[in-house]
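Structure data follow from protein08.csv (CSV, C-alpha atoms):
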```
chain,number,residue,atom,x,y,z
A,1,MET,CA,113.8,93.6,105.2
A,2,LYS,CA,112.1,91.5,107.8
A,3,THR,CA,115.5,90.6,109.3
A,4,LEU,CA,116.5,94.3,109.4
A,5,VAL,CA,113.3,95.3,111.2
A,6,SER,CA,113.6,92.5,113.8
A,7,SER,CA,117.3,93.3,114.5
A,8,SER,CA,116.4,97.0,114.9
A,9,LEU,CA,113.5,96.0,117.3
A,10,ARG,CA,115.9,93.7,119.2
A,11,ALA,CA,118.4,96.5,119.6
A,12,ARG,CA,115.7,98.8,121.0
A,13,LEU,CA,114.5,96.1,123.3
A,14,THR,CA,118.0,95.5,124.5
A,15,ALA,CA,118.5,99.2,125.1
A,16,GLY,CA,115.3,99.4,127.0
A,17,LEU,CA,116.2,96.5,129.1
A,18,LEU,CA,119.6,98.0,129.9
A,19,LEU,CA,118.0,101.3,130.8
A,20,GLY,CA,115.5,99.5,133.0
A,21,LEU,CA,118.3,97.6,134.7
A,22,GLY,CA,120.2,100.8,135.2
A,23,LEU,CA,117.2,102.5,136.8
A,24,PHE,CA,116.7,99.4,139.0
A,25,ALA,CA,120.3,99.5,140.1
A,26,ALA,CA,120.0,103.2,140.8
A,27,GLY,CA,116.9,102.5,142.9
A,28,CYS,CA,119.0,100.0,145.0
A,29,ALA,CA,121.7,102.7,145.6
A,30,SER,CA,120.6,103.1,149.3
A,31,ASN,CA,120.8,99.4,150.1
A,32,VAL,CA,123.1,98.0,152.7
A,33,ASN,CA,125.6,95.2,152.4
A,34,THR,CA,126.9,93.6,155.6
A,35,VAL,CA,129.5,91.2,156.8
A,36,SER,CA,129.7,89.5,160.1
A,37,ARG,CA,131.1,86.4,161.9
A,38,ALA,CA,129.9,83.2,160.2
A,39,GLU,CA,129.3,81.5,163.5
A,40,PRO,CA,128.2,84.1,166.0
A,41,GLN,CA,129.5,83.7,169.6
A,42,ALA,CA,126.6,85.7,171.1
A,43,GLU,CA,123.9,83.7,172.7
A,44,PRO,CA,120.8,85.9,172.7
A,45,ASN,CA,117.9,85.0,174.9
A,46,LEU,CA,115.2,85.1,172.2
A,47,ILE,CA,111.7,85.2,173.5
A,48,ALA,CA,108.4,84.2,171.8
A,49,ASP,CA,106.3,87.2,170.8
A,50,LYS,CA,102.7,87.9,170.0
A,51,ARG,CA,102.0,90.3,167.0
A,52,VAL,CA,98.9,92.3,166.3
A,53,ILE,CA,98.9,93.7,162.8
A,54,THR,CA,96.6,96.5,161.8
A,55,ASP,CA,98.7,97.9,159.0
A,56,ASN,CA,99.6,95.3,156.4
A,57,THR,CA,101.7,97.7,154.4
A,58,LEU,CA,103.9,98.4,157.4
A,59,ALA,CA,104.1,94.7,158.3
A,60,ASN,CA,105.2,93.8,154.7
A,61,ALA,CA,107.8,96.6,154.7
A,62,ILE,CA,109.3,96.2,158.1
A,63,ARG,CA,109.8,92.7,159.5
A,64,ILE,CA,110.4,91.9,163.2
A,65,VAL,CA,113.3,89.4,163.0
A,66,SER,CA,113.6,88.6,166.7
A,67,VAL,CA,113.1,89.8,170.3
A,68,ASN,CA,115.9,89.5,172.7
A,69,GLU,CA,115.5,89.9,176.5
A,70,GLY,CA,118.2,90.6,179.0
A,71,VAL,CA,118.8,92.4,182.3
A,72,ALA,CA,120.4,95.7,182.9
A,73,SER,CA,121.8,97.2,186.1
A,74,SER,CA,121.1,93.9,187.9
A,75,ASN,CA,117.3,94.1,188.1
A,76,LEU,CA,115.9,96.0,185.2
A,77,LYS,CA,114.4,94.3,182.2
A,78,ARG,CA,116.1,95.1,178.9
A,79,ILE,CA,114.5,94.4,175.5
A,80,GLN,CA,116.2,94.5,172.1
A,81,VAL,CA,114.1,94.0,168.9
A,82,THR,CA,115.8,93.3,165.6
A,83,ILE,CA,114.0,94.8,162.7
A,84,GLU,CA,114.5,94.5,158.9
A,85,ASN,CA,113.6,96.8,156.1
A,86,ARG,CA,112.3,94.4,153.4
A,87,LYS,CA,112.1,97.1,150.8
A,88,ASN,CA,114.9,98.6,148.6
A,89,SER,CA,114.0,102.1,149.5
A,90,THR,CA,114.9,104.0,152.7
A,91,ARG,CA,112.0,104.0,155.2
A,92,THR,CA,111.3,106.1,158.2
A,93,LEU,CA,109.7,104.3,161.1
A,94,SER,CA,108.3,105.6,164.4
A,95,TYR,CA,108.4,103.3,167.4
A,96,LYS,CA,107.5,103.3,171.1
A,97,PHE,CA,108.1,100.9,174.0
A,98,GLU,CA,105.5,100.7,176.8
A,99,TRP,CA,106.0,98.7,180.0
A,100,VAL,CA,103.5,96.9,182.2
A,101,ASP,CA,104.0,95.9,185.8
A,102,GLU,CA,103.3,92.5,187.4
A,103,ASN,CA,99.7,93.5,188.1
A,104,GLY,CA,99.2,94.4,184.4
A,105,MET,CA,99.2,98.1,185.1
A,106,ALA,CA,100.9,100.4,182.7
A,107,VAL,CA,104.2,101.9,183.9
A,108,SER,CA,104.5,105.4,182.7
A,109,SER,CA,107.7,107.3,182.3
A,110,PRO,CA,108.4,110.9,181.2
A,111,ASN,CA,110.7,109.5,178.7
A,112,GLU,CA,108.3,107.1,177.1
A,113,THR,CA,108.2,108.7,173.7
A,114,TRP,CA,107.8,107.9,170.0
A,115,LYS,CA,111.2,107.7,168.4
A,116,THR,CA,112.0,107.9,164.8
A,117,ILE,CA,114.5,105.7,163.0
A,118,ARG,CA,115.5,105.6,159.3
A,119,LEU,CA,116.3,102.3,157.8
A,120,LEU,CA,118.2,102.1,154.5
A,121,GLY,CA,117.2,99.6,151.9
A,122,ARG,CA,117.3,96.0,153.1
A,123,GLU,CA,118.9,97.2,156.3
A,124,THR,CA,118.6,95.2,159.5
A,125,THR,CA,119.1,97.1,162.8
A,126,THR,CA,118.1,96.9,166.5
A,127,ILE,CA,115.9,99.1,168.7
A,128,SER,CA,116.1,98.6,172.4
A,129,THR,CA,114.8,99.8,175.8
A,130,ILE,CA,115.5,99.4,179.5
A,131,ALA,CA,112.6,99.4,181.9
A,132,VAL,CA,112.9,102.3,184.4
A,133,THR,CA,111.6,100.3,187.3
A,134,PRO,CA,112.1,96.7,188.5
A,135,ARG,CA,108.3,96.4,188.7
A,136,ALA,CA,108.1,96.4,184.9
A,137,VAL,CA,107.8,92.8,183.6
A,138,ASP,CA,106.1,93.0,180.2
A,139,PHE,CA,106.4,95.3,177.3
A,140,THR,CA,104.6,96.3,174.1
A,141,LEU,CA,106.4,97.7,171.1
A,142,LYS,CA,104.3,99.9,168.9
A,143,LEU,CA,105.4,100.6,165.3
A,144,ARG,CA,104.0,103.1,162.8
A,145,GLU,CA,105.2,104.7,159.6
B,146,MET,CA,60.7,128.1,129.9
B,147,LYS,CA,63.3,130.0,128.1
B,148,SER,CA,64.1,132.1,131.2
B,149,LEU,CA,64.4,128.9,133.2
B,150,ARG,CA,67.0,127.6,130.7
B,151,ILE,CA,69.0,130.8,131.1
B,152,LYS,CA,68.7,130.8,134.9
B,153,LEU,CA,69.8,127.3,135.4
B,154,PRO,CA,73.5,127.8,134.3
B,155,LEU,CA,73.6,131.0,136.3
B,156,LEU,CA,72.3,129.2,139.4
B,157,ALA,CA,74.9,126.4,138.9
B,158,ALA,CA,77.7,129.0,138.6
B,159,PHE,CA,76.6,130.8,141.7
B,160,SER,CA,76.3,127.5,143.6
B,161,ALA,CA,79.8,126.5,142.4
B,162,ALA,CA,81.2,129.9,143.4
B,163,ALA,CA,79.6,129.6,146.8
B,164,LEU,CA,81.0,126.1,147.4
B,165,PHE,CA,84.4,127.3,146.3
B,166,LEU,CA,84.4,130.3,148.6
B,167,THR,CA,83.2,128.1,151.5
B,168,GLY,CA,86.1,125.7,150.7
B,169,CYS,CA,88.5,128.6,151.0
B,170,GLU,CA,87.3,129.7,154.3
B,171,SER,CA,89.4,128.4,157.1
B,172,THR,CA,89.0,128.7,160.7
B,173,SER,CA,91.7,128.4,163.3
B,174,ASN,CA,91.4,125.4,165.5
B,175,THR,CA,93.6,123.9,168.2
B,176,THR,CA,94.0,120.2,168.8
B,177,THR,CA,95.5,118.6,171.8
B,178,ILE,CA,98.3,116.3,170.7
B,179,ASP,CA,100.8,114.0,172.4
B,180,SER,CA,103.7,116.3,173.0
B,181,LYS,CA,106.1,113.4,172.5
B,182,GLY,CA,104.2,111.9,169.6
B,183,PRO,CA,104.9,112.0,165.9
B,184,GLU,CA,102.4,114.8,165.4
B,185,SER,CA,104.5,117.3,167.4
B,186,LEU,CA,106.0,120.1,165.3
B,187,ASN,CA,109.4,119.3,164.0
B,188,THR,CA,111.4,122.5,163.8
B,189,ALA,CA,115.1,123.3,163.6
B,190,GLU,CA,115.1,123.8,167.3
B,191,ILE,CA,114.9,121.1,170.1
B,192,ASN,CA,111.3,120.1,170.4
B,193,SER,CA,109.5,118.2,173.2
B,194,GLN,CA,110.1,114.9,171.4
B,195,ASP,CA,113.9,115.6,171.2
B,196,TRP,CA,114.1,116.4,174.9
B,197,ALA,CA,112.4,113.2,175.8
B,198,ARG,CA,114.5,111.1,173.3
B,199,ALA,CA,117.7,112.6,174.6
B,200,ALA,CA,116.7,112.0,178.2
B,201,ASP,CA,115.6,108.5,177.5
B,202,GLU,CA,118.8,107.6,175.7
B,203,LEU,CA,121.0,109.1,178.3
B,204,VAL,CA,119.2,107.3,181.1
B,205,GLN,CA,119.3,104.0,179.2
B,206,SER,CA,123.0,104.4,178.6
B,207,LEU,CA,123.6,105.0,182.4
B,208,LEU,CA,121.5,102.0,183.4
B,209,ALA,CA,123.1,99.8,180.8
B,210,SER,CA,126.6,100.8,182.1
B,211,SER,CA,125.7,99.5,185.6
B,212,ALA,CA,127.7,102.4,187.1
B,213,LEU,CA,125.1,102.9,189.8
B,214,ASP,CA,125.4,99.3,190.9
B,215,ASN,CA,128.8,100.1,192.6
B,216,ALA,CA,127.4,102.8,194.8
B,217,PRO,CA,128.4,102.7,198.4
B,218,ALA,CA,124.8,102.9,199.5
B,219,LYS,CA,121.4,102.1,198.0
B,220,PRO,CA,119.8,104.2,196.8
B,221,ALA,CA,122.9,106.2,195.7
B,222,ILE,CA,122.6,109.9,196.6
B,223,LEU,CA,122.9,112.1,193.5
B,224,ALA,CA,123.4,115.8,193.3
B,225,VAL,CA,122.6,117.5,190.0
B,226,ASP,CA,125.5,119.8,189.1
B,227,ARG,CA,125.3,122.5,186.4
B,228,VAL,CA,124.0,121.9,182.9
B,229,ILE,CA,125.7,124.3,180.6
B,230,ASN,CA,123.7,125.5,177.6
B,231,ASN,CA,126.1,126.4,174.8
B,232,THR,CA,123.4,126.6,172.2
B,233,THR,CA,121.8,129.7,170.7
B,234,LEU,CA,118.5,128.6,172.1
B,235,SER,CA,117.1,130.1,175.3
B,236,VAL,CA,116.0,126.9,176.9
B,237,ASP,CA,115.4,125.7,180.4
B,238,THR,CA,117.7,122.8,180.9
B,239,ASP,CA,115.3,121.3,183.4
B,240,LEU,CA,113.5,120.0,180.3
B,241,LEU,CA,116.3,117.5,180.1
B,242,ILE,CA,117.3,117.2,183.8
B,243,LYS,CA,113.9,116.7,185.2
B,244,LYS,CA,113.2,113.8,182.9
B,245,ILE,CA,116.5,112.2,183.8
B,246,ARG,CA,115.8,112.8,187.5
B,247,VAL,CA,112.3,111.3,187.3
B,248,ALA,CA,113.5,108.2,185.4
B,249,LEU,CA,116.4,107.6,187.7
B,250,THR,CA,114.3,108.0,190.8
B,251,GLN,CA,111.8,105.5,189.3
B,252,THR,CA,114.5,102.9,189.1
B,253,GLY,CA,115.0,103.0,192.9
B,254,LYS,CA,118.7,103.2,192.4
B,255,VAL,CA,119.0,106.9,193.0
B,256,ALA,CA,117.8,109.5,195.5
B,257,VAL,CA,118.4,113.0,194.4
B,258,THR,CA,119.6,115.4,197.0
B,259,ASN,CA,118.5,119.0,197.0
B,260,THR,CA,120.8,120.3,199.6
B,261,MET,CA,123.5,121.1,197.1
B,262,GLY,CA,123.7,121.7,193.4
B,263,LEU,CA,121.1,123.8,191.7
B,264,GLY,CA,120.7,127.2,193.5
B,265,GLU,CA,117.1,127.8,194.3
B,266,ARG,CA,116.2,124.3,195.5
B,267,ALA,CA,119.4,124.0,197.5
B,268,VAL,CA,118.6,127.3,199.3
B,269,VAL,CA,115.1,126.1,200.2
B,270,ALA,CA,116.4,122.7,201.5
B,271,GLN,CA,119.1,124.5,203.5
B,272,GLU,CA,116.6,126.8,205.1
B,273,ALA,CA,114.3,123.9,205.9
B,274,ALA,CA,117.2,122.1,207.6
B,275,GLU,CA,118.0,125.2,209.6
B,276,MET,CA,114.4,125.6,210.7
B,277,GLU,CA,114.2,122.0,211.8
B,278,GLU,CA,117.4,122.5,213.7
B,279,LEU,CA,116.0,125.6,215.5
B,280,SER,CA,112.7,123.8,216.4
B,281,THR,CA,114.2,120.5,217.6
B,282,GLY,CA,117.5,121.7,218.8
B,283,LYS,CA,119.2,118.9,217.0
B,284,LYS,CA,121.7,119.5,214.2
B,285,GLN,CA,120.4,118.0,211.0
B,286,LYS,CA,122.6,115.6,209.4
B,287,VAL,CA,122.7,116.3,205.7
B,288,LYS,CA,123.7,113.3,203.5
B,289,ALA,CA,126.5,114.0,201.2
B,290,PRO,CA,126.0,112.9,197.7
B,291,HIS,CA,127.9,109.9,196.3
B,292,TYR,CA,127.6,111.2,192.7
B,293,THR,CA,127.2,114.4,190.9
B,294,LEU,CA,125.6,114.7,187.4
B,295,TYR,CA,127.0,117.2,185.0
B,296,GLY,CA,125.8,118.1,181.6
B,297,LYS,CA,126.3,120.3,178.6
B,298,LEU,CA,124.3,121.2,175.5
B,299,ILE,CA,126.2,122.1,172.4
B,300,GLN,CA,124.9,123.3,169.0
B,301,GLN,CA,126.8,123.0,165.7
B,302,THR,CA,125.4,124.6,162.6
B,303,ALA,CA,126.4,123.8,159.1
B,304,ARG,CA,125.0,125.4,155.9
B,305,ASP,CA,125.1,124.4,152.3
B,306,GLY,CA,123.1,126.5,150.0
B,307,LYS,CA,119.5,126.3,151.0
B,308,LYS,CA,120.2,123.5,153.5
B,309,THR,CA,121.0,124.1,157.2
B,310,GLN,CA,122.0,121.4,159.6
B,311,ASN,CA,121.7,122.0,163.3
B,312,THR,CA,123.3,119.3,165.4
B,313,TYR,CA,122.5,119.4,169.1
B,314,THR,CA,124.9,117.4,171.3
B,315,PHE,CA,123.7,116.3,174.8
B,316,GLN,CA,126.7,115.5,176.9
B,317,MET,CA,126.4,114.0,180.4
B,318,SER,CA,128.9,112.8,183.0
B,319,LEU,CA,128.4,111.0,186.3
B,320,ILE,CA,131.2,111.8,188.8
B,321,ALA,CA,132.0,109.8,192.0
B,322,VAL,CA,132.4,112.5,194.6
B,323,LYS,CA,134.9,110.7,196.8
B,324,SER,CA,137.3,109.8,194.0
B,325,GLY,CA,136.5,112.6,191.6
B,326,LEU,CA,136.5,110.0,188.9
B,327,THR,CA,134.0,110.0,186.0
B,328,VAL,CA,132.2,106.7,186.3
B,329,TRP,CA,130.0,107.2,183.3
B,330,GLU,CA,129.9,109.5,180.3
B,331,GLU,CA,127.7,109.7,177.4
B,332,GLU,CA,127.0,111.8,174.4
B,333,ARG,CA,123.9,111.8,172.2
B,334,GLU,CA,123.3,113.9,169.1
B,335,ILE,CA,120.1,115.0,167.4
B,336,ALA,CA,120.6,116.4,163.9
B,337,LYS,CA,118.0,118.6,162.2
B,338,LEU,CA,118.2,119.3,158.5
B,339,THR,CA,116.2,122.2,157.3
B,340,LYS,CA,115.7,123.2,153.7
B,341,ARG,CA,114.8,126.8,153.0
B,342,ALA,CA,111.7,127.1,150.8
B,343,SER,CA,112.3,128.5,147.4
B,344,VAL,CA,110.3,131.5,146.2
B,345,GLY,CA,108.0,130.7,143.3
B,346,TRP,CA,105.5,132.6,141.3
```

Would you write out, as structure tokens, the structure that this file holds?
Amino acid sequence: MKTLVSSSLRARLTAGLLLGLGLFAAGCASNVNTVSRAEPQAEPNLIADKRVITDNTLANAIRIVSVNEGVASSNLKRIQVTIENRKNSTRTLSYKFEWVDENGMAVSSPNETWKTIRLLGRETTTISTIAVTPRAVDFTLKLRE
Amino acid sequence: MKSLRIKLPLLAAFSAAALFLTGCESTSNTTTIDSKGPESLNTAEINSQDWARAADELVQSLLASSALDNAPAKPAILAVDRVINNTTLSVDTDLLIKKIRVALTQTGKVAVTNTMGLGERAVVAQEAAEMEELSTGKKQKVKAPHYTLYGKLIQQTARDGKKTQNTYTFQMSLIAVKSGLTVWEEEREIAKLTKRASVGW
């Protein structure tokens, strides 16, 4: 009798486990798989960055992987930030780049706007900007959910 | 004492009702928001955030292409050609063009001419040149543009049950006047998915 009960319990546990795994797998349905060159030929100019975190939930969900700096149109600074969604669910993120000139003054532009981006589960993507004036030397990237 | 016992629940009920009614009362209020911020209203149409985003992405694409670096003079003289609005929206295309003009002028790579292109401004500039010519007796030399900027807005609408998707396409081309060749082209899309609310009881 004891054997019968334990085998029935085991069957229920197994069914529960399988159901849980099924639900877990369904939850991962929006995740992204990628493939790329094993030894990249690109040589990004990665720069050191300073981070100020006021929203820990956001910082845990979205990771800043790297900040790449370049030049566009011969004299305009160009920034590309690689971000990663560390969660399995799709997340919507708002971001905005702001520029500062060599005197530390903010450089305003009519196109300086909050942009929205959707990241699928575990997706890594890039967001970028080009300064609209050669006077712009530093940038700040603001992120919010 | 007994009357106090009866009155207390009544008093509590009245207080609760008063609080409830106060809670229901709503007054209209207006808040100043960042027109390009996340708080701006998101509708099926093109909102201020969309205009700014489209303009920014088009400008960034143009700058990244380095098309303006090959201009015969610096800053390159740019004339804004037509921007065709093929959407169902009655919008002023200056909402896009002005942002692009301001950003390109800020780069120092472009000077926008007003002596040709968009009607009203071109007339004013022409009249100013004529007046200058009359007063000084010298024929004003109007600089011919090196490039013209041409744009088009397109709207595509798709429906599936209660869902409607409006896709707005912002197309832009930069044409070298002398050669007539398109030196830069870009297309940006903003898609809006609207779900119609279901009626419930």

For this session: Give the answer as one residue: which of B:Val247, B:Ile242, B:Ala189, B:Leu223 has the shortest atom-to-atom distance to chain A, using all atoms listed in the file?
Result: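 Answer, going by the shortest atom-to-atom distance: B:Val247.
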
For this session: Do a neighbour search on Phe139 in chain A at 9 Å with all atoms listed in the file, toss out local chain neighbours closer than 6 positions, and write the hits as a list of chain:residue names.
Result: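 Using all atoms listed in the file, the neighbours found are A:Ile79, A:Phe97, A:Glu98, A:Trp99, A:Val100, A:Asp101, A:Ala131.
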
Which chain A residues are at most 6 Å from chain B (counting all atoms listed in the file), as a PDB file with C-alpha atoms, in the coordinates of the input?
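Final file, result.pdb:
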```
ATOM      1  CA  ALA A  72     120.400  95.700 182.900  1.00  0.00           C
ATOM      2  CA  SER A  73     121.800  97.200 186.100  1.00  0.00           C
ATOM      3  CA  PRO A 110     108.400 110.900 181.200  1.00  0.00           C
ATOM      4  CA  ASN A 111     110.700 109.500 178.700  1.00  0.00           C
ATOM      5  CA  THR A 113     108.200 108.700 173.700  1.00  0.00           C
ATOM      6  CA  TRP A 114     107.800 107.900 170.000  1.00  0.00           C
ATOM      7  CA  ILE A 130     115.500  99.400 179.500  1.00  0.00           C
ATOM      8  CA  VAL A 132     112.900 102.300 184.400  1.00  0.00           C
ATOM      9  CA  THR A 133     111.600 100.300 187.300  1.00  0.00           C
TER      10      THR A 133
END
```

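The space separating CA of Leu234 in chain B from CA of Ile335 in chain B comes to 14.5 Å.
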
For Asp49 in chain A, please output as a compact mmCIF listing (two decimals) with C-alpha atoms, in the frame of the given file all residues within 10 Å (counting all atoms listed in the file; exclusion window: fewer than 3 positions along the same chain).
```txt
# COMPACT_ATOMS: atom_id res chain seq x y z
CA LEU A 46 115.20 85.10 172.20
CA ILE A 64 110.40 91.90 163.20
CA SER A 66 113.60 88.60 166.70
CA VAL A 67 113.10 89.80 170.30
CA THR A 140 104.60 96.30 174.10
```

Exercise. Restricting the calculation to all atoms listed in the file, which member of B:Ala336, B:Pro217, B:Met276, B:Ser185 is positioned closest to Thr302 in chain B?
Worked result: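 Comparing B:Ala336, B:Pro217, B:Met276, B:Ser185 against Thr302 in chain B, the winner is B:Ala336.
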
Exercise. Counting all atoms listed in the file, which residues come within 6 Å of (125.8, 125.1, 175.0), with the point read in the file's coordinates, and could you list them as a ChimeraX atom specification?
Worked result: /B:229-232,298-299

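Put simply, CA of Ile47 in chain A is 18.0 Å away from CA of Asn75 in chain A.
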
Seminar exercise, completed: In Å and to one decimal, CA of Lys323 in chain B is distant from CA of Tyr292 in chain B by 8.4 Å

For this session: Give as an MDAnalysis selection string the set of residues within 8 Å of the point (107.3, 93.0, 159.0), where distances use the file's coordinates and only C-alpha atoms.
Result: chainID A and resid 58:64 83:86

Atoms to include: C-alpha atoms. Write the selected residues as a CSV table (one decimal), keeping the file's coordinate frame.
```
chain,number,residue,atom,x,y,z
A,58,LEU,CA,103.9,98.4,157.4
A,59,ALA,CA,104.1,94.7,158.3
A,60,ASN,CA,105.2,93.8,154.7
A,61,ALA,CA,107.8,96.6,154.7
A,62,ILE,CA,109.3,96.2,158.1
A,63,ARG,CA,109.8,92.7,159.5
A,64,ILE,CA,110.4,91.9,163.2
A,83,ILE,CA,114.0,94.8,162.7
A,84,GLU,CA,114.5,94.5,158.9
A,85,ASN,CA,113.6,96.8,156.1
A,86,ARG,CA,112.3,94.4,153.4
```

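Excluding Asp305 in chain B itself and same-chain residues fewer than 2 positions from it, the residues having an atom within 12 Å of it are Thr302, Ala303, Lys307, Lys308, Thr309, Gln310, Asn311, Leu338, Thr339, Lys340 and Arg341 of chain B, counting all atoms listed in the file.
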
Problem set entry | Residue neighbourhood Leu119 in chain A, 7 Å, all atoms listed in the file, exclusion window fewer than 6 positions, as a ChimeraX atom specification | /A:85,90-92

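Proximity to Ala289 in chain B was assessed for B:Ala221, B:Val228, B:Ile320, B:Ala342 counting only C-alpha atoms; the smallest distance is recorded for B:Ala221.
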
For this session: For Ser128 in chain A, please output as a PyMOL selection string all residues within 8 Å (counting all atoms listed in the file; exclusion window: fewer than 5 positions along the same chain).
Result: chain A and resi 78-81

Exercise. Which of these, B:Gln300, B:Lys337, B:Val287, B:Leu319, has the shortest distance to Thr233 in chain B once you count all atoms listed in the file?
Worked result: B:Gln300

Return range 120-132 of chain A, completed with N, CA, C and O atoms, as a PDB file, in the frame of the given file.
```
ATOM      1  N   LEU A 120     117.827 102.127 155.946  1.00  0.00           N
ATOM      2  CA  LEU A 120     118.200 102.100 154.500  1.00  0.00           C
ATOM      3  C   LEU A 120     117.647 100.848 153.888  1.00  0.00           C
ATOM      4  O   LEU A 120     117.176  99.938 154.574  1.00  0.00           O
ATOM      5  N   GLY A 121     117.710 100.787 152.577  1.00  0.00           N
ATOM      6  CA  GLY A 121     117.200  99.600 151.900  1.00  0.00           C
ATOM      7  C   GLY A 121     117.747  98.329 152.327  1.00  0.00           C
ATOM      8  O   GLY A 121     118.964  98.189 152.423  1.00  0.00           O
ATOM      9  N   ARG A 122     116.894  97.381 152.678  1.00  0.00           N
ATOM     10  CA  ARG A 122     117.300  96.000 153.100  1.00  0.00           C
ATOM     11  C   ARG A 122     118.147  96.034 154.381  1.00  0.00           C
ATOM     12  O   ARG A 122     118.849  95.051 154.656  1.00  0.00           O
ATOM     13  N   GLU A 123     118.100  97.117 155.116  1.00  0.00           N
ATOM     14  CA  GLU A 123     118.900  97.200 156.300  1.00  0.00           C
ATOM     15  C   GLU A 123     118.275  96.480 157.502  1.00  0.00           C
ATOM     16  O   GLU A 123     117.053  96.510 157.672  1.00  0.00           O
ATOM     17  N   THR A 124     119.097  95.834 158.294  1.00  0.00           N
ATOM     18  CA  THR A 124     118.600  95.200 159.500  1.00  0.00           C
ATOM     19  C   THR A 124     119.294  95.960 160.698  1.00  0.00           C
ATOM     20  O   THR A 124     120.502  96.202 160.671  1.00  0.00           O
ATOM     21  N   THR A 125     118.500  96.347 161.669  1.00  0.00           N
ATOM     22  CA  THR A 125     119.100  97.100 162.800  1.00  0.00           C
ATOM     23  C   THR A 125     118.304  96.678 164.087  1.00  0.00           C
ATOM     24  O   THR A 125     117.353  95.897 164.032  1.00  0.00           O
ATOM     25  N   THR A 126     118.750  97.215 165.195  1.00  0.00           N
ATOM     26  CA  THR A 126     118.100  96.900 166.500  1.00  0.00           C
ATOM     27  C   THR A 126     117.558  98.145 167.132  1.00  0.00           C
ATOM     28  O   THR A 126     118.144  99.218 166.998  1.00  0.00           O
ATOM     29  N   ILE A 127     116.444  97.989 167.832  1.00  0.00           N
ATOM     30  CA  ILE A 127     115.900  99.100 168.700  1.00  0.00           C
ATOM     31  C   ILE A 127     115.785  98.463 170.079  1.00  0.00           C
ATOM     32  O   ILE A 127     115.474  97.278 170.215  1.00  0.00           O
ATOM     33  N   SER A 128     116.077  99.244 171.080  1.00  0.00           N
ATOM     34  CA  SER A 128     116.100  98.600 172.400  1.00  0.00           C
ATOM     35  C   SER A 128     115.576  99.607 173.477  1.00  0.00           C
ATOM     36  O   SER A 128     115.457 100.814 173.235  1.00  0.00           O
ATOM     37  N   THR A 129     115.294  99.040 174.616  1.00  0.00           N
ATOM     38  CA  THR A 129     114.800  99.800 175.800  1.00  0.00           C
ATOM     39  C   THR A 129     115.200  99.128 177.053  1.00  0.00           C
ATOM     40  O   THR A 129     115.406  97.906 177.062  1.00  0.00           O
ATOM     41  N   ILE A 130     115.257  99.910 178.120  1.00  0.00           N
ATOM     42  CA  ILE A 130     115.500  99.400 179.500  1.00  0.00           C
ATOM     43  C   ILE A 130     114.320  99.878 180.329  1.00  0.00           C
ATOM     44  O   ILE A 130     114.019 101.082 180.311  1.00  0.00           O
ATOM     45  N   ALA A 131     113.696  98.997 181.069  1.00  0.00           N
ATOM     46  CA  ALA A 131     112.600  99.400 181.900  1.00  0.00           C
ATOM     47  C   ALA A 131     113.151 100.329 183.029  1.00  0.00           C
ATOM     48  O   ALA A 131     114.246 100.094 183.538  1.00  0.00           O
ATOM     49  N   VAL A 132     112.402 101.373 183.370  1.00  0.00           N
ATOM     50  CA  VAL A 132     112.900 102.300 184.400  1.00  0.00           C
ATOM     51  C   VAL A 132     112.561 101.877 185.804  1.00  0.00           C
ATOM     52  O   VAL A 132     112.926 102.559 186.758  1.00  0.00           O
TER      53      VAL A 132
END
```
